[in-house]
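Chemist: Following this message is one structure expressed as structure tokens.
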Amino acid sequence: MGDFSDEAIVGAWHENAAPWIEAVRSGSIESRRLVTDAAIVSVIRRLRPATVLDVGCGEGWLARALAPLGMRVHGIDAVPGLVTAARQAGGGTFECLSYEAFAAGAPVAPVELAVCNFSLLGDGATRGVVRRLAALLSPGGTLLIQTLHPGFAVEDAERVEGWRAGSWAGCGEAFGRAAPWYFRTLDGWRALLAEQGFRLRTMHEPRHPATGAPCSVIFEAEVGPGRGH
Ligand SMILES: C[S@@+](CC[C@H](N)C(=O)[O-])C[C@H]1O[C@@H](n2cnc3c(N)ncnc32)[C@H](O)[C@@H]1O
């Protein structure tokens with residue numbers, strides 16, 4: 001049994017920054033190349049925010065996709081190697097900031113849209129981020145969370161919420177220790193959003209063009225009445 005904790009997630013990302021940059025930039029992860037990158041950009045493009053916070057921005061590909069659409073993007077991530085690569089490639093401003101520091105109130109400018117693209121992988125850290133975003137988003141602002149589809153992401157029949165061992169399957173050979181992740185059911189995600197003051201507007205289920213299977217789910221939520229501001 002590995003170390004199932006939010007700290008272990010960040011540790012694994014520190015170790016795997018270099019192969020991750022290579023995998024994202026070479027387009028070697030098929031589900032991203034064929035489905036999920038375009039899906040998140042398409043939802044953001046429809047919403048037309050002027051300002052975007054990319055939470056867990058990694059090497060910054062999303063900022064580079066949104067900048068030509070006239071959006072101002074700020075990215076935060078705990079891993080210096082990823083933030084440095086994002087800065088070098090441009091498309092936005094990038095800051096080394098952990099979810100824990102963000103949740104504790106580190107200064108970040110309000111935005112019209114916050115996006116977490118496959119970046120809410122943990123338990124307490126995820127709740128802390130969502131809670132802070134409820135306070136940070138402008139009135140009428142949007143939270144987008146793209147994540148593994150709860151109906152397809154785990155093999156076990158029970159689909160019980162909890163920690164799972166990670167895997168780099170589909171990402172290439174160069175990776176080391178995989179980050180553990182915290183599995184949530186659809187109801188678990190809905191409850192988490194509601195508890196932190198969000199109202200779920202809609203859910204998107206981008207599908208693989210060949211198999212038709214959902215490759216992810218995108219939760220589109222807004223700050224509910226009486227919360228945040
Ligand atoms: C699967 S990558 C996704 C990166 C990027 N959003 C993308 O779409 O390519 C997950 C990211 O979450 C970041 N992350 C995970 N836990 C974090 C934490 N506690 N604080 C800050 N960043 C964290 C990792 O460093 C990593 O860059």
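Each chain in the structure tokens gets a letter, A, B, ..., in the order shown, and its residues are numbered from 1; ligands are numbered from 1 in order too.
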Sort by chain and increasing residue number a table of all residues of chain A within 8 Å of ligand 1, each with its closest pair of atoms and their distance in Å to one decimal, counting only C-alpha atoms and all ligand atoms, and write it as JSON lines.

Modeler:
```
{"residue": "A:Asp6", "atom": "CA", "partner": "ligand 1", "partner_atom_place_in_ligand_line": "19 (N)", "distance": 6.2}
{"residue": "A:Glu7", "atom": "CA", "partner": "ligand 1", "partner_atom_place_in_ligand_line": "19 (N)", "distance": 6.9}
{"residue": "A:Ile9", "atom": "CA", "partner": "ligand 1", "partner_atom_place_in_ligand_line": "16 (N)", "distance": 5.7}
{"residue": "A:Val10", "atom": "CA", "partner": "ligand 1", "partner_atom_place_in_ligand_line": "16 (N)", "distance": 4.8}
{"residue": "A:Trp13", "atom": "CA", "partner": "ligand 1", "partner_atom_place_in_ligand_line": "25 (O)", "distance": 5.1}
{"residue": "A:His14", "atom": "CA", "partner": "ligand 1", "partner_atom_place_in_ligand_line": "25 (O)", "distance": 6.9}
{"residue": "A:Ala17", "atom": "CA", "partner": "ligand 1", "partner_atom_place_in_ligand_line": "27 (O)", "distance": 7.8}
{"residue": "A:Val24", "atom": "CA", "partner": "ligand 1", "partner_atom_place_in_ligand_line": "9 (O)", "distance": 6.6}
{"residue": "A:Asp37", "atom": "CA", "partner": "ligand 1", "partner_atom_place_in_ligand_line": "8 (O)", "distance": 7.7}
{"residue": "A:Asp54", "atom": "CA", "partner": "ligand 1", "partner_atom_place_in_ligand_line": "6 (N)", "distance": 7.1}
{"residue": "A:Val55", "atom": "CA", "partner": "ligand 1", "partner_atom_place_in_ligand_line": "6 (N)", "distance": 6.8}
{"residue": "A:Gly56", "atom": "CA", "partner": "ligand 1", "partner_atom_place_in_ligand_line": "12 (O)", "distance": 4.0}
{"residue": "A:Cys57", "atom": "CA", "partner": "ligand 1", "partner_atom_place_in_ligand_line": "6 (N)", "distance": 4.1}
{"residue": "A:Gly58", "atom": "CA", "partner": "ligand 1", "partner_atom_place_in_ligand_line": "27 (O)", "distance": 3.4}
{"residue": "A:Glu59", "atom": "CA", "partner": "ligand 1", "partner_atom_place_in_ligand_line": "9 (O)", "distance": 6.4}
{"residue": "A:Gly60", "atom": "CA", "partner": "ligand 1", "partner_atom_place_in_ligand_line": "5 (C)", "distance": 6.7}
{"residue": "A:Trp61", "atom": "CA", "partner": "ligand 1", "partner_atom_place_in_ligand_line": "9 (O)", "distance": 6.3}
{"residue": "A:Leu62", "atom": "CA", "partner": "ligand 1", "partner_atom_place_in_ligand_line": "8 (O)", "distance": 6.7}
{"residue": "A:Ile76", "atom": "CA", "partner": "ligand 1", "partner_atom_place_in_ligand_line": "21 (C)", "distance": 6.9}
{"residue": "A:Asp77", "atom": "CA", "partner": "ligand 1", "partner_atom_place_in_ligand_line": "22 (N)", "distance": 4.0}
{"residue": "A:Ala78", "atom": "CA", "partner": "ligand 1", "partner_atom_place_in_ligand_line": "21 (C)", "distance": 3.8}
{"residue": "A:Val79", "atom": "CA", "partner": "ligand 1", "partner_atom_place_in_ligand_line": "25 (O)", "distance": 5.0}
{"residue": "A:Leu82", "atom": "CA", "partner": "ligand 1", "partner_atom_place_in_ligand_line": "27 (O)", "distance": 6.6}
{"residue": "A:Cys96", "atom": "CA", "partner": "ligand 1", "partner_atom_place_in_ligand_line": "21 (C)", "distance": 7.9}
{"residue": "A:Leu97", "atom": "CA", "partner": "ligand 1", "partner_atom_place_in_ligand_line": "21 (C)", "distance": 6.0}
{"residue": "A:Ser98", "atom": "CA", "partner": "ligand 1", "partner_atom_place_in_ligand_line": "20 (N)", "distance": 3.5}
{"residue": "A:Tyr99", "atom": "CA", "partner": "ligand 1", "partner_atom_place_in_ligand_line": "20 (N)", "distance": 3.8}
{"residue": "A:Glu100", "atom": "CA", "partner": "ligand 1", "partner_atom_place_in_ligand_line": "19 (N)", "distance": 6.1}
{"residue": "A:Cys116", "atom": "CA", "partner": "ligand 1", "partner_atom_place_in_ligand_line": "6 (N)", "distance": 6.2}
{"residue": "A:Asn117", "atom": "CA", "partner": "ligand 1", "partner_atom_place_in_ligand_line": "6 (N)", "distance": 4.3}
{"residue": "A:Phe118", "atom": "CA", "partner": "ligand 1", "partner_atom_place_in_ligand_line": "1 (C)", "distance": 4.9}
{"residue": "A:Ser119", "atom": "CA", "partner": "ligand 1", "partner_atom_place_in_ligand_line": "10 (C)", "distance": 4.0}
{"residue": "A:Leu120", "atom": "CA", "partner": "ligand 1", "partner_atom_place_in_ligand_line": "12 (O)", "distance": 6.6}
{"residue": "A:Leu121", "atom": "CA", "partner": "ligand 1", "partner_atom_place_in_ligand_line": "15 (C)", "distance": 6.5}
{"residue": "A:Gly122", "atom": "CA", "partner": "ligand 1", "partner_atom_place_in_ligand_line": "16 (N)", "distance": 7.0}
{"residue": "A:Ala125", "atom": "CA", "partner": "ligand 1", "partner_atom_place_in_ligand_line": "19 (N)", "distance": 5.9}
```

Chemist: Which region 8-47 of chain A residues have any atom within 12 Å of an atom of region 148-162 of chain A, and for each, what is the nearest pair of atoms with distance in Å to one decimal, counting only C-alpha atoms, rows sorted by chain and number, as a Markdown table?

Modeler:
```
| residue | atom | partner | partner_atom | distance |
| --- | --- | --- | --- | --- |
| A:Ser31 | CA | A:Leu148 | CA | 10.9 |
| A:Arg32 | CA | A:Leu148 | CA | 11.6 |
| A:Thr36 | CA | A:Leu148 | CA | 10.1 |
```

Chemist: Those residues you just picked out, can you put them in a file as a short mmCIF file (atom, residue, chain, number, x, y, z; two decimals), in the first residue's frame with N, CA, C and O atoms?

Modeler:
```cif
data_model
loop_
_atom_site.label_atom_id
_atom_site.label_comp_id
_atom_site.auth_asym_id
_atom_site.auth_seq_id
_atom_site.Cartn_x
_atom_site.Cartn_y
_atom_site.Cartn_z
N SER A 31 -5.92 10.49 -25.02
CA SER A 31 -7.21 11.06 -24.60
C SER A 31 -7.17 12.58 -24.58
O SER A 31 -8.15 13.26 -24.88
N ARG A 32 -6.02 13.14 -24.24
CA ARG A 32 -5.87 14.60 -24.26
C ARG A 32 -5.87 15.12 -25.69
O ARG A 32 -6.54 16.08 -26.03
N THR A 36 -9.91 15.55 -24.57
CA THR A 36 -10.15 16.37 -23.37
C THR A 36 -9.57 17.79 -23.48
O THR A 36 -10.13 18.71 -22.90
#
```

Chemist: Please provide as a PyMOL selection string all residues within 7 Å of region 209-218 of chain A, with the sequence filter that same-chain residues fewer than 3 positions apart are discarded (counting only C-alpha atoms).

Modeler: chain A and resi 31+144-149+203-206

Chemist: Quick one: residues within 8 Å of Ser28 (chain A), only C-alpha atoms counted, chain neighbours fewer than 4 positions away excluded, as number ranges by chain?

Modeler: A: 23-24, 33, 171-172

Chemist: Skip Arg190 (chain A) itself and residues of its chain fewer than 3 positions away, then list as a list in words all residues within 12 Å of it, counting only C-alpha atoms.

Modeler: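 With the cut-off at 12 Å, the set is Val130, Ile145, Pro150, Arg184, Thr185, Leu186, Asp187, Leu193, Ala194, Glu195, Gln196, Gly197, Phe198, Arg199, Leu200, Arg201, Thr202, Met203, Ile218, Phe219, Glu220 and Ala221 of chain A.
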
Chemist: Now that the selection is made, can you save its residues with C-alpha atoms as a short mmCIF file (atom, residue, chain, number, x, y, z; two decimals), in the first residue's frame?

Modeler:
```cif
data_model
loop_
_atom_site.label_atom_id
_atom_site.label_comp_id
_atom_site.auth_asym_id
_atom_site.auth_seq_id
_atom_site.Cartn_x
_atom_site.Cartn_y
_atom_site.Cartn_z
CA VAL A 130 -13.02 24.71 -4.04
CA ILE A 145 -13.45 21.02 -13.08
CA PRO A 150 -16.42 8.46 -12.11
CA ARG A 184 -15.11 10.62 -5.95
CA THR A 185 -18.42 9.40 -7.29
CA LEU A 186 -20.67 11.78 -9.25
CA ASP A 187 -22.70 12.27 -6.08
CA LEU A 193 -19.52 21.55 -4.81
CA ALA A 194 -22.76 22.16 -2.90
CA GLU A 195 -21.02 22.10 0.49
CA GLN A 196 -18.60 24.78 -0.64
CA GLY A 197 -21.36 27.03 -1.98
CA PHE A 198 -21.48 26.14 -5.68
CA ARG A 199 -24.54 25.42 -7.82
CA LEU A 200 -23.93 22.88 -10.59
CA ARG A 201 -25.02 24.43 -13.90
CA THR A 202 -24.30 21.45 -16.07
CA MET A 203 -22.03 18.48 -16.65
CA ILE A 218 -16.44 18.51 -16.84
CA PHE A 219 -18.42 20.05 -13.99
CA GLU A 220 -19.59 23.58 -14.79
CA ALA A 221 -20.62 25.39 -11.61
#
```

Chemist: Mind checking which residues fall within 6 Å of Ala103 (chain A), counting only C-alpha atoms, ignoring those fewer than 2 positions away in the same chain, and posting them as an MDAnalysis selection string?

Modeler: chainID A and resid 99:101 105 128:129 132

Chemist: Which polymer residues have any atom within 12 Å of an atom of Ala67 (chain A), counting only C-alpha atoms, with same-chain residues fewer than 4 positions away left out, as a list in words?

Modeler: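 Near neighbours after the sequence-gap exclusion: Val41, Ile44, Arg45, Arg48, Pro49, Ala50, Thr51, Val52, Gly60, Trp61, Leu62, Ala63, Met71, Arg72, Val73, His74, Ala89, Gly90, Gly91, Gly92 and Thr93 of chain A.
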
Chemist: Write a file of the just-selected residues containing C-alpha atoms, as a CSV table (one decimal), in the first residue's frame.

Modeler:
```csv
chain,number,residue,atom,x,y,z
A,41,VAL,CA,-11.1,24.9,-24.4
A,44,ILE,CA,-14.2,28.1,-21.9
A,45,ARG,CA,-14.5,29.6,-25.3
A,48,ARG,CA,-15.9,34.0,-23.0
A,49,PRO,CA,-14.3,35.1,-19.6
A,50,ALA,CA,-11.9,38.0,-19.7
A,51,THR,CA,-9.8,36.6,-16.8
A,52,VAL,CA,-9.0,33.0,-16.0
A,60,GLY,CA,0.8,25.9,-18.9
A,61,TRP,CA,-0.6,24.5,-22.1
A,62,LEU,CA,-4.1,25.8,-21.3
A,63,ALA,CA,-3.0,29.4,-20.9
A,71,MET,CA,-8.2,35.9,-22.2
A,72,ARG,CA,-5.8,36.9,-19.5
A,73,VAL,CA,-4.7,33.7,-17.7
A,74,HIS,CA,-2.9,33.3,-14.4
A,89,ALA,CA,6.6,29.2,-22.9
A,90,GLY,CA,4.4,32.2,-22.1
A,91,GLY,CA,0.6,32.7,-22.7
A,92,GLY,CA,0.0,34.0,-19.2
A,93,THR,CA,1.4,34.7,-15.8
```

Chemist: Can you check which residues of region 132-195 of chain A DSSP gives as alpha helix (DSSP H) on the backbone and send them as a ChimeraX atom specification?

Modeler: /A:132-136,186-195

Chemist: Just give me the gap between CA of Trp168 (chain A) and CA of Ile40 (chain A) in Å, one decimal is fine.

Modeler: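 One can read the CA of Trp168 (chain A) to CA of Ile40 (chain A) distance as 21.4 Å.
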
Chemist: Distance CA of Gly70 (chain A)-CA of Ala18 (chain A), one decimal place?

Modeler: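 That distance, rounded to one decimal, is 29.1 Å.
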
Chemist: Would you list, as a PyMOL selection string, the residues of region 8-161 of chain A that end up in strand (DSSP E or B) under DSSP run on this structure's backbone?

Modeler: chain A and resi 51-55+72-77+93-96+111-117+137-147

Chemist: Which distance in Å separates CA of Arg46 (chain A) and CA of Glu112 (chain A), to one decimal?

Modeler: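 Computing the Euclidean distance for CA of Arg46 (chain A) and CA of Glu112 (chain A) yields 13.2 Å.
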
Chemist: So, counting only C-alpha atoms, which residue among A:Gly176, A:Gly140, A:Leu192, A:Ala104 is closest to Pro225 (chain A)?

Modeler: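 Smallest separation from Pro225 (chain A) among the options: A:Gly140.
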